[in-house]
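J.: Take a look at entry.cif, mmCIF, C-alpha atoms and all ligand atoms:
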data_target
#
loop_
_atom_site.group_PDB
_atom_site.id
_atom_site.type_symbol
_atom_site.label_atom_id
_atom_site.label_comp_id
_atom_site.auth_asym_id
_atom_site.auth_seq_id
_atom_site.Cartn_x
_atom_site.Cartn_y
_atom_site.Cartn_z
ATOM 1 C CA MET A 1 -122.958 -64.932 145.029
ATOM 2 C CA TYR A 2 -122.540 -68.609 145.812
ATOM 3 C CA GLN A 3 -124.953 -71.240 144.562
ATOM 4 C CA LYS A 4 -125.063 -74.944 145.377
ATOM 5 C CA ILE A 5 -125.064 -77.176 142.311
ATOM 6 C CA GLY A 6 -124.989 -80.871 143.190
ATOM 7 C CA LEU A 7 -121.995 -81.169 145.462
ATOM 8 C CA LEU A 8 -120.492 -77.927 144.157
ATOM 9 C CA ARG A 9 -120.804 -74.576 145.872
ATOM 10 C CA ILE A 10 -119.685 -72.095 143.253
ATOM 11 C CA ASN A 11 -119.287 -68.314 142.996
ATOM 12 C CA MET A 12 -121.398 -67.484 139.945
ATOM 13 C CA ASP A 13 -120.094 -63.886 139.863
ATOM 14 C CA TYR A 14 -123.138 -62.313 138.301
ATOM 15 C CA SER A 15 -125.178 -61.896 141.458
ATOM 16 C CA PRO A 16 -128.806 -62.107 140.420
ATOM 17 C CA ILE A 17 -131.570 -62.079 143.009
ATOM 18 C CA SER A 18 -134.589 -64.306 142.620
ATOM 19 C CA GLY A 19 -137.544 -62.707 140.864
ATOM 20 C CA VAL A 20 -141.160 -63.551 141.570
ATOM 21 C CA LEU A 21 -141.635 -65.161 138.160
ATOM 22 C CA GLY A 22 -139.165 -66.493 135.627
ATOM 23 C CA MET A 23 -135.795 -64.853 135.293
ATOM 24 C CA THR A 24 -133.886 -63.570 138.281
ATOM 25 C CA VAL A 25 -133.944 -59.769 138.529
ATOM 26 C CA ALA A 26 -130.706 -57.774 138.588
ATOM 27 C CA THR A 27 -130.556 -54.784 140.909
ATOM 28 C CA ASP A 28 -127.837 -52.330 139.897
ATOM 29 C CA PRO A 29 -127.847 -50.545 136.481
ATOM 30 C CA VAL A 30 -124.807 -52.331 135.021
ATOM 31 C CA LYS A 31 -126.225 -55.722 135.973
ATOM 32 C CA LEU A 32 -129.594 -54.691 134.557
ATOM 33 C CA MET A 33 -127.919 -53.801 131.220
ATOM 34 C CA LYS A 34 -126.083 -57.127 131.208
ATOM 35 C CA GLN A 35 -129.307 -58.962 131.939
ATOM 36 C CA GLU A 36 -131.250 -57.269 129.145
ATOM 37 C CA VAL A 37 -128.511 -57.810 126.602
ATOM 38 C CA GLY A 38 -128.069 -61.458 127.612
ATOM 39 C CA LYS A 39 -131.780 -61.991 127.279
ATOM 40 C CA ALA A 40 -131.868 -60.279 123.843
ATOM 41 C CA ALA A 41 -129.127 -62.611 122.576
ATOM 42 C CA ALA A 42 -130.796 -65.732 123.965
ATOM 43 C CA ALA A 43 -134.052 -64.666 122.279
ATOM 44 C CA GLN A 44 -132.295 -65.087 118.896
ATOM 45 C CA VAL A 45 -131.615 -68.796 119.410
ATOM 46 C CA LYS A 46 -133.893 -71.092 117.387
ATOM 47 C CA SER A 47 -135.089 -74.596 118.274
ATOM 48 C CA GLY A 48 -132.779 -77.379 117.096
ATOM 49 C CA SER A 49 -129.659 -75.194 117.310
ATOM 50 C CA ILE A 50 -126.214 -76.066 118.557
ATOM 51 C CA VAL A 51 -125.245 -73.108 120.725
ATOM 52 C CA GLY A 52 -121.798 -71.962 121.834
ATOM 53 C CA LEU A 53 -122.089 -70.912 125.467
ATOM 54 C CA GLY A 54 -119.648 -68.132 126.345
ATOM 55 C CA THR A 55 -118.132 -67.217 129.687
ATOM 56 C CA GLY A 56 -118.620 -64.260 132.028
ATOM 57 C CA SER A 57 -121.276 -62.366 133.907
ATOM 58 C CA THR A 58 -123.178 -61.127 130.821
ATOM 59 C CA THR A 59 -123.309 -64.492 129.082
ATOM 60 C CA ALA A 60 -124.478 -66.022 132.356
ATOM 61 C CA TYR A 61 -127.768 -64.152 131.922
ATOM 62 C CA ALA A 62 -128.080 -65.483 128.345
ATOM 63 C CA ILE A 63 -127.562 -69.046 129.615
ATOM 64 C CA GLU A 64 -130.149 -68.470 132.327
ATOM 65 C CA TYR A 65 -132.688 -67.186 129.785
ATOM 66 C CA LEU A 66 -131.998 -70.089 127.384
ATOM 67 C CA GLY A 67 -132.799 -72.432 130.270
ATOM 68 C CA LEU A 68 -136.043 -70.586 130.987
ATOM 69 C CA ARG A 69 -137.053 -70.746 127.314
ATOM 70 C CA LEU A 70 -136.414 -74.506 127.324
ATOM 71 C CA LYS A 71 -138.394 -74.951 130.521
ATOM 72 C CA SER A 72 -141.365 -73.004 129.179
ATOM 73 C CA GLY A 73 -141.383 -75.006 125.917
ATOM 74 C CA ASP A 74 -140.697 -71.886 123.828
ATOM 75 C CA LEU A 75 -137.389 -73.465 122.762
ATOM 76 C CA LYS A 76 -136.728 -77.149 121.995
ATOM 77 C CA ASP A 77 -133.847 -79.492 121.198
ATOM 78 C CA ILE A 78 -130.872 -77.211 121.676
ATOM 79 C CA GLN A 79 -127.421 -78.450 122.610
ATOM 80 C CA GLY A 80 -124.797 -76.244 124.241
ATOM 81 C CA VAL A 81 -121.040 -76.239 123.729
ATOM 82 C CA PRO A 82 -119.539 -74.664 126.873
ATOM 83 C CA THR A 83 -116.444 -72.466 126.630
ATOM 84 C CA SER A 84 -115.418 -72.963 130.264
ATOM 85 C CA PHE A 85 -116.064 -74.799 133.488
ATOM 86 C CA GLN A 86 -118.259 -71.834 134.518
ATOM 87 C CA ALA A 87 -120.414 -72.113 131.377
ATOM 88 C CA GLU A 88 -120.725 -75.878 131.856
ATOM 89 C CA VAL A 89 -121.873 -75.511 135.465
ATOM 90 C CA LEU A 90 -124.417 -72.826 134.537
ATOM 91 C CA ALA A 91 -125.756 -74.857 131.599
ATOM 92 C CA LYS A 92 -126.273 -77.854 133.882
ATOM 93 C CA GLN A 93 -127.950 -75.643 136.457
ATOM 94 C CA TYR A 94 -130.420 -74.286 133.890
ATOM 95 C CA GLY A 95 -131.098 -77.644 132.216
ATOM 96 C CA ILE A 96 -129.321 -77.048 128.890
ATOM 97 C CA PRO A 97 -128.163 -80.348 127.315
ATOM 98 C CA LEU A 98 -124.451 -80.241 126.498
ATOM 99 C CA THR A 99 -122.351 -81.676 123.710
ATOM 100 C CA THR A 100 -118.694 -81.572 122.677
ATOM 101 C CA LEU A 101 -116.855 -80.645 119.504
ATOM 102 C CA ASP A 102 -116.128 -84.351 118.905
ATOM 103 C CA ALA A 103 -119.833 -85.095 118.562
ATOM 104 C CA ILE A 104 -120.937 -82.289 116.211
ATOM 105 C CA ASP A 105 -119.902 -80.925 112.831
ATOM 106 C CA HIS A 106 -120.977 -77.294 113.261
ATOM 107 C CA ILE A 107 -122.154 -74.656 115.742
ATOM 108 C CA ASP A 108 -125.185 -72.615 114.665
ATOM 109 C CA ILE A 109 -124.813 -69.682 117.003
ATOM 110 C CA ALA A 110 -122.495 -68.598 119.818
ATOM 111 C CA ILE A 111 -123.173 -66.008 122.505
ATOM 112 C CA ASP A 112 -120.239 -64.554 124.407
ATOM 113 C CA GLY A 113 -119.133 -61.436 126.252
ATOM 114 C CA ALA A 114 -116.122 -59.191 125.640
ATOM 115 C CA ASP A 115 -113.871 -56.840 127.584
ATOM 116 C CA GLU A 116 -113.423 -54.323 124.754
ATOM 117 C CA VAL A 117 -115.181 -53.841 121.410
ATOM 118 C CA ASP A 118 -113.852 -51.489 118.707
ATOM 119 C CA PRO A 119 -115.927 -49.890 115.899
ATOM 120 C CA HIS A 120 -114.940 -52.766 113.540
ATOM 121 C CA LYS A 121 -116.376 -55.336 116.001
ATOM 122 C CA ASN A 122 -112.885 -56.519 116.880
ATOM 123 C CA LEU A 123 -112.635 -57.650 120.478
ATOM 124 C CA ILE A 124 -110.401 -58.152 123.449
ATOM 125 C CA LYS A 125 -111.585 -61.127 125.482
ATOM 126 C CA GLY A 126 -110.147 -63.210 128.306
ATOM 127 C CA GLY A 127 -111.178 -61.259 131.396
ATOM 128 C CA GLY A 128 -112.339 -64.626 132.709
ATOM 129 C CA ALA A 129 -109.203 -66.428 131.454
ATOM 130 C CA ALA A 130 -111.367 -68.479 129.082
ATOM 131 C CA HIS A 131 -110.322 -66.889 125.766
ATOM 132 C CA THR A 132 -108.655 -70.010 124.331
ATOM 133 C CA ARG A 133 -111.783 -72.163 124.393
ATOM 134 C CA GLU A 134 -113.932 -69.121 123.588
ATOM 135 C CA LYS A 135 -111.889 -68.495 120.443
ATOM 136 C CA VAL A 136 -112.346 -72.091 119.278
ATOM 137 C CA VAL A 137 -116.105 -72.028 119.812
ATOM 138 C CA ASP A 138 -116.832 -68.434 118.721
ATOM 139 C CA TYR A 139 -114.908 -68.766 115.433
ATOM 140 C CA LEU A 140 -116.584 -72.092 114.652
ATOM 141 C CA ALA A 141 -120.078 -70.635 115.019
ATOM 142 C CA ASP A 142 -122.051 -69.707 111.893
ATOM 143 C CA ARG A 143 -123.255 -66.662 113.807
ATOM 144 C CA PHE A 144 -121.446 -65.096 116.752
ATOM 145 C CA ILE A 145 -123.327 -62.615 118.933
ATOM 146 C CA VAL A 146 -121.315 -60.513 121.383
ATOM 147 C CA VAL A 147 -123.080 -59.261 124.499
ATOM 148 C CA VAL A 148 -121.676 -56.213 126.296
ATOM 149 C CA ASP A 149 -122.699 -53.176 128.285
ATOM 150 C CA SER A 150 -121.844 -49.815 126.759
ATOM 151 C CA GLY A 151 -118.791 -49.401 129.019
ATOM 152 C CA LYS A 152 -116.959 -51.964 126.873
ATOM 153 C CA LEU A 153 -116.970 -49.815 123.699
ATOM 154 C CA VAL A 154 -113.607 -48.262 122.762
ATOM 155 C CA ASP A 155 -112.309 -46.342 119.742
ATOM 156 C CA ARG A 156 -109.208 -48.502 119.622
ATOM 157 C CA LEU A 157 -108.475 -51.910 121.176
ATOM 158 C CA GLY A 158 -106.135 -51.854 124.145
ATOM 159 C CA ALA A 159 -107.325 -48.409 125.237
ATOM 160 C CA VAL A 160 -108.193 -49.711 128.685
ATOM 161 C CA PHE A 161 -107.895 -53.461 128.843
ATOM 162 C CA PRO A 162 -104.615 -55.406 128.596
ATOM 163 C CA VAL A 163 -104.403 -58.322 126.154
ATOM 164 C CA PRO A 164 -104.658 -61.663 127.982
ATOM 165 C CA VAL A 165 -102.100 -64.199 126.781
ATOM 166 C CA GLU A 166 -102.385 -67.853 127.846
ATOM 167 C CA VAL A 167 -98.954 -69.407 128.297
ATOM 168 C CA ILE A 168 -97.793 -72.896 129.212
ATOM 169 C CA PRO A 169 -96.131 -72.705 132.660
ATOM 170 C CA MET A 170 -92.610 -73.864 131.660
ATOM 171 C CA ALA A 171 -92.374 -71.035 129.100
ATOM 172 C CA LEU A 172 -93.449 -68.242 131.454
ATOM 173 C CA THR A 173 -90.091 -66.427 131.729
ATOM 174 C CA PRO A 174 -89.113 -66.415 128.011
ATOM 175 C CA VAL A 175 -92.644 -65.405 127.027
ATOM 176 C CA MET A 176 -92.559 -62.499 129.521
ATOM 177 C CA GLN A 177 -89.244 -61.383 128.006
ATOM 178 C CA ALA A 178 -90.582 -61.667 124.446
ATOM 179 C CA LEU A 179 -93.647 -59.605 125.380
ATOM 180 C CA LYS A 180 -91.425 -56.850 126.831
ATOM 181 C CA LYS A 181 -89.348 -56.820 123.612
ATOM 182 C CA LEU A 182 -92.598 -56.215 121.692
ATOM 183 C CA GLY A 183 -93.148 -53.064 123.782
ATOM 184 C CA GLY A 184 -95.770 -54.550 126.108
ATOM 185 C CA LYS A 185 -95.974 -54.372 129.890
ATOM 186 C CA PRO A 186 -96.641 -57.966 130.952
ATOM 187 C CA ASP A 187 -98.233 -58.826 134.270
ATOM 188 C CA LEU A 188 -98.822 -62.379 135.473
ATOM 189 C CA ARG A 189 -102.488 -62.628 136.466
ATOM 190 C CA MET A 190 -102.804 -63.516 140.140
ATOM 191 C CA GLY A 191 -105.659 -65.391 141.805
ATOM 192 C CA VAL A 192 -108.258 -63.850 144.069
ATOM 193 C CA LYS A 193 -108.805 -65.839 147.262
ATOM 194 C CA LYS A 194 -106.046 -68.134 145.940
ATOM 195 C CA ALA A 195 -102.326 -67.736 146.554
ATOM 196 C CA GLY A 196 -100.347 -67.678 143.317
ATOM 197 C CA PRO A 197 -101.332 -67.266 139.678
ATOM 198 C CA VAL A 198 -104.667 -67.854 137.979
ATOM 199 C CA ILE A 199 -104.663 -71.310 136.375
ATOM 200 C CA THR A 200 -106.829 -71.702 133.277
ATOM 201 C CA ASP A 201 -109.204 -74.584 132.545
ATOM 202 C CA GLN A 202 -106.309 -76.047 130.502
ATOM 203 C CA GLY A 203 -103.840 -75.845 133.432
ATOM 204 C CA ASN A 204 -101.901 -72.869 132.046
ATOM 205 C CA MET A 205 -101.205 -69.290 133.220
ATOM 206 C CA VAL A 206 -102.376 -65.920 131.911
ATOM 207 C CA ILE A 207 -100.166 -62.904 131.292
ATOM 208 C CA ASP A 208 -102.038 -59.605 130.909
ATOM 209 C CA VAL A 209 -100.097 -57.379 128.517
ATOM 210 C CA LYS A 210 -100.718 -53.626 128.327
ATOM 211 C CA PHE A 211 -99.714 -52.016 125.046
ATOM 212 C CA ASP A 212 -99.647 -48.211 124.689
ATOM 213 C CA THR A 213 -101.477 -48.502 121.365
ATOM 214 C CA ILE A 214 -102.640 -51.381 119.217
ATOM 215 C CA ASP A 215 -102.548 -50.009 115.662
ATOM 216 C CA ASP A 216 -103.111 -53.320 113.900
ATOM 217 C CA PRO A 217 -105.024 -55.873 116.035
ATOM 218 C CA ALA A 218 -104.874 -58.580 113.332
ATOM 219 C CA ALA A 219 -101.077 -58.323 113.112
ATOM 220 C CA LEU A 220 -100.611 -58.267 116.901
ATOM 221 C CA GLU A 221 -102.847 -61.309 117.304
ATOM 222 C CA LYS A 222 -100.576 -63.302 114.980
ATOM 223 C CA ILE A 223 -97.318 -61.968 116.454
ATOM 224 C CA LEU A 224 -98.380 -62.939 119.987
ATOM 225 C CA ASN A 225 -99.425 -66.433 118.944
ATOM 226 C CA ASN A 226 -96.061 -66.908 117.219
ATOM 227 C CA ILE A 227 -94.137 -66.643 120.504
ATOM 228 C CA PRO A 228 -93.129 -70.207 121.452
ATOM 229 C CA GLY A 229 -95.009 -71.220 124.603
ATOM 230 C CA VAL A 230 -98.049 -69.022 123.914
ATOM 231 C CA LEU A 231 -101.225 -71.039 123.531
ATOM 232 C CA GLU A 232 -103.662 -68.255 122.575
ATOM 233 C CA ASN A 233 -104.305 -64.556 123.104
ATOM 234 C CA GLY A 234 -107.500 -62.565 123.650
ATOM 235 C CA ILE A 235 -107.593 -60.512 120.414
ATOM 236 C CA PHE A 236 -110.566 -61.587 118.261
ATOM 237 C CA VAL A 237 -110.524 -60.111 114.731
ATOM 238 C CA ASN A 238 -113.286 -60.587 112.135
ATOM 239 C CA CYS A 239 -115.163 -62.971 114.375
ATOM 240 C CA ALA A 240 -118.256 -61.137 115.662
ATOM 241 C CA ASP A 241 -121.345 -60.944 113.426
ATOM 242 C CA LEU A 242 -123.468 -58.870 115.761
ATOM 243 C CA VAL A 243 -122.721 -56.881 118.907
ATOM 244 C CA LEU A 244 -125.628 -56.301 121.280
ATOM 245 C CA ILE A 245 -124.963 -53.332 123.539
ATOM 246 C CA GLY A 246 -126.820 -52.711 126.764
ATOM 247 C CA GLU A 247 -127.356 -49.061 127.726
ATOM 248 C CA VAL A 248 -129.419 -47.132 130.225
ATOM 249 C CA LYS A 249 -131.575 -44.416 128.615
ATOM 250 C CA ASP A 250 -133.910 -42.266 130.707
ATOM 251 C CA GLY A 251 -133.400 -44.672 133.580
ATOM 252 C CA GLN A 252 -134.448 -47.681 131.459
ATOM 253 C CA PRO A 253 -132.183 -50.437 130.095
ATOM 254 C CA VAL A 254 -132.194 -50.572 126.274
ATOM 255 C CA VAL A 255 -130.356 -52.824 123.829
ATOM 256 C CA ARG A 256 -128.910 -51.539 120.582
ATOM 257 C CA GLU A 257 -127.104 -53.346 117.769
ATOM 258 C CA MET A 258 -123.736 -52.827 116.123
HETATM 259 C C1 LIG B 301 -113.999 -64.498 129.617
HETATM 260 C C2 LIG B 301 -114.403 -63.406 128.719
HETATM 261 C C3 LIG B 301 -115.661 -62.681 129.055
HETATM 262 O O1 LIG B 301 -116.586 -62.886 128.043
HETATM 263 C C4 LIG B 301 -115.343 -61.221 129.224
HETATM 264 O O2 LIG B 301 -114.369 -61.098 130.251
HETATM 265 C C5 LIG B 301 -116.591 -60.414 129.589
HETATM 266 O O3 LIG B 301 -117.074 -60.808 130.828
HETATM 267 P P1 LIG B 301 -118.283 -60.041 131.547
HETATM 268 O O4 LIG B 301 -119.516 -60.294 130.737
HETATM 269 O O5 LIG B 301 -118.336 -60.666 132.922
HETATM 270 O O6 LIG B 301 -117.925 -58.574 131.611
HETATM 271 O O7 LIG B 301 -113.781 -63.100 127.728
HETATM 272 O O8 LIG B 301 -112.751 -65.017 129.272
#
I need this file expressed as structure tokens, please.
Ligand code: 5RP
T.:
Amino acid sequence: MYQKIGLLRINMDYSPISGVLGMTVATDPVKLMKQEVGKAAAAQVKSGSIVGLGTGSTTAYAIEYLGLRLKSGDLKDIQGVPTSFQAEVLAKQYGIPLTTLDAIDHIDIAIDGADEVDPHKNLIKGGGAAHTREKVVDYLADRFIVVVDSGKLVDRLGAVFPVPVEVIPMALTPVMQALKKLGGKPDLRMGVKKAGPVITDQGNMVIDVKFDTIDDPAALEKILNNIPGVLENGIFVNCADLVLIGEVKDGQPVVREM
């Protein structure tokens, strides 16, 4: 769905429809789960907080609800730290004042999505190619809340989703070779409605690497980041404090905690 923000016309990718009152109302079950879970996370933000604003379709609902809470007066004096261009645009749209890491000395709470969550709350992120900034902000936060629908839960990381690796463009070929030597199947992420590769907010490229199994996510995270030319990868270990999971039970969306 495209929305006009100032001079920008941007695909917000979470397709709400306007409700009669307050928050937009999602239509299909997955979107409804994402909406409920985003709202539940935003409800945990207290006045005066500095809030890390994650990226993706689930976090978009949290940003929308934070804006509504500010507008209604239920929430006051928050400042957002966006993890991407998308988060920045949404925050501006919903009236959330923004700050930068240069101007603050801590982040109280961060809300962000994930592509996979294992039973230890370890994550794979980067489906939106924003994992580098997300990692900076999410690790800095005193409290990091992950918002997912139940389809993101896996027994072991890498079961479904490849690991996104952000690489500086001049190192693309040697990094691809190094990833193959590690037993991965690397795939350069290509743009949609754009010829050529996805370019991150930092001007780099993303290689999605499928591993047959990831036995030790903490070790793999370090090994990947040690390849010269790699900026950051999407494995997040020991970062999440709380995972909010959206599910549909008896036709109704419910949110449970992990
Ligand atoms: C972006 C991310 C997202 O948080 C992740 O891809 C989940 O997105 P969504 O809520 O749209 O499923 O890591 O880099």
J.: In Å, rounded to a single decimal, give me how far atom CA of Leu123 of chain A is from atom CA of Ile109 of chain A.
T.: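 These two atoms are separated by 17.5 Å.
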J.: Which centre and edge lengths in Å to one decimal define the box along x, y and z that fits every listed atom of ligand LIG 301 (chain B) plus 6 Å per side, as lines of an AutoDock Vina configuration file?
T.:
center_x = -116.1
center_y = -61.8
center_z = 130.3
size_x = 18.8
size_y = 18.4
size_z = 17.2
J.: With only C-alpha atoms and all ligand atoms as the basis for distance, which of A:Lys92, A:Lys180, A:Arg133, A:Lys222 is at the shortest distance from ligand LIG 301 (chain B)?
T.: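 So, comparing all the options, the nearest one is A:Arg133.
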J.: If I take atom CA of Val255 of chain A and atom CA of Asn238 of chain A, how far is one from the other in Å, to one decimal?
T.: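 It comes out at 22.1 Å.
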J.: Return as a list in words the set of residues that the PyMOL selection byres (((chain A and resi 232) around 7) and not hetatm) yields on the displayed structure.
T.: Thr132, Val165, Glu166, Asn225, Val230, Leu231, Asn233 and Gly234 of chain A
J.: On this structure, which residues satisfy the PyMOL selection byres (((not hetatm)) within 7 of (chain B and resi 301)), written as a list in words?
T.: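 Applied to this file, the PyMOL selection byres (((not hetatm)) within 7 of (chain B and resi 301)) returns Gly54, Thr55, Gly56, Ser57, Thr58, Thr59, Asp112, Gly113, Ala114, Asp115, Lys125, Gly126, Gly127, Gly128, Ala129, Ala130, His131 and Val148 of chain A.
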J.: Take atom CA of Lys71 of chain A and atom CA of Asp108 of chain A and report the distance between them in Å, one decimal.
T.: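 Computing the Euclidean distance for atom CA of Lys71 of chain A and atom CA of Asp108 of chain A yields 20.8 Å.
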J.: Just checking: using all atoms listed in the file, which residue out of A:Glu134, A:Asp155, A:Glu36, A:Asp241 ends up closest to Glu116 of chain A?
T.: A:Asp155
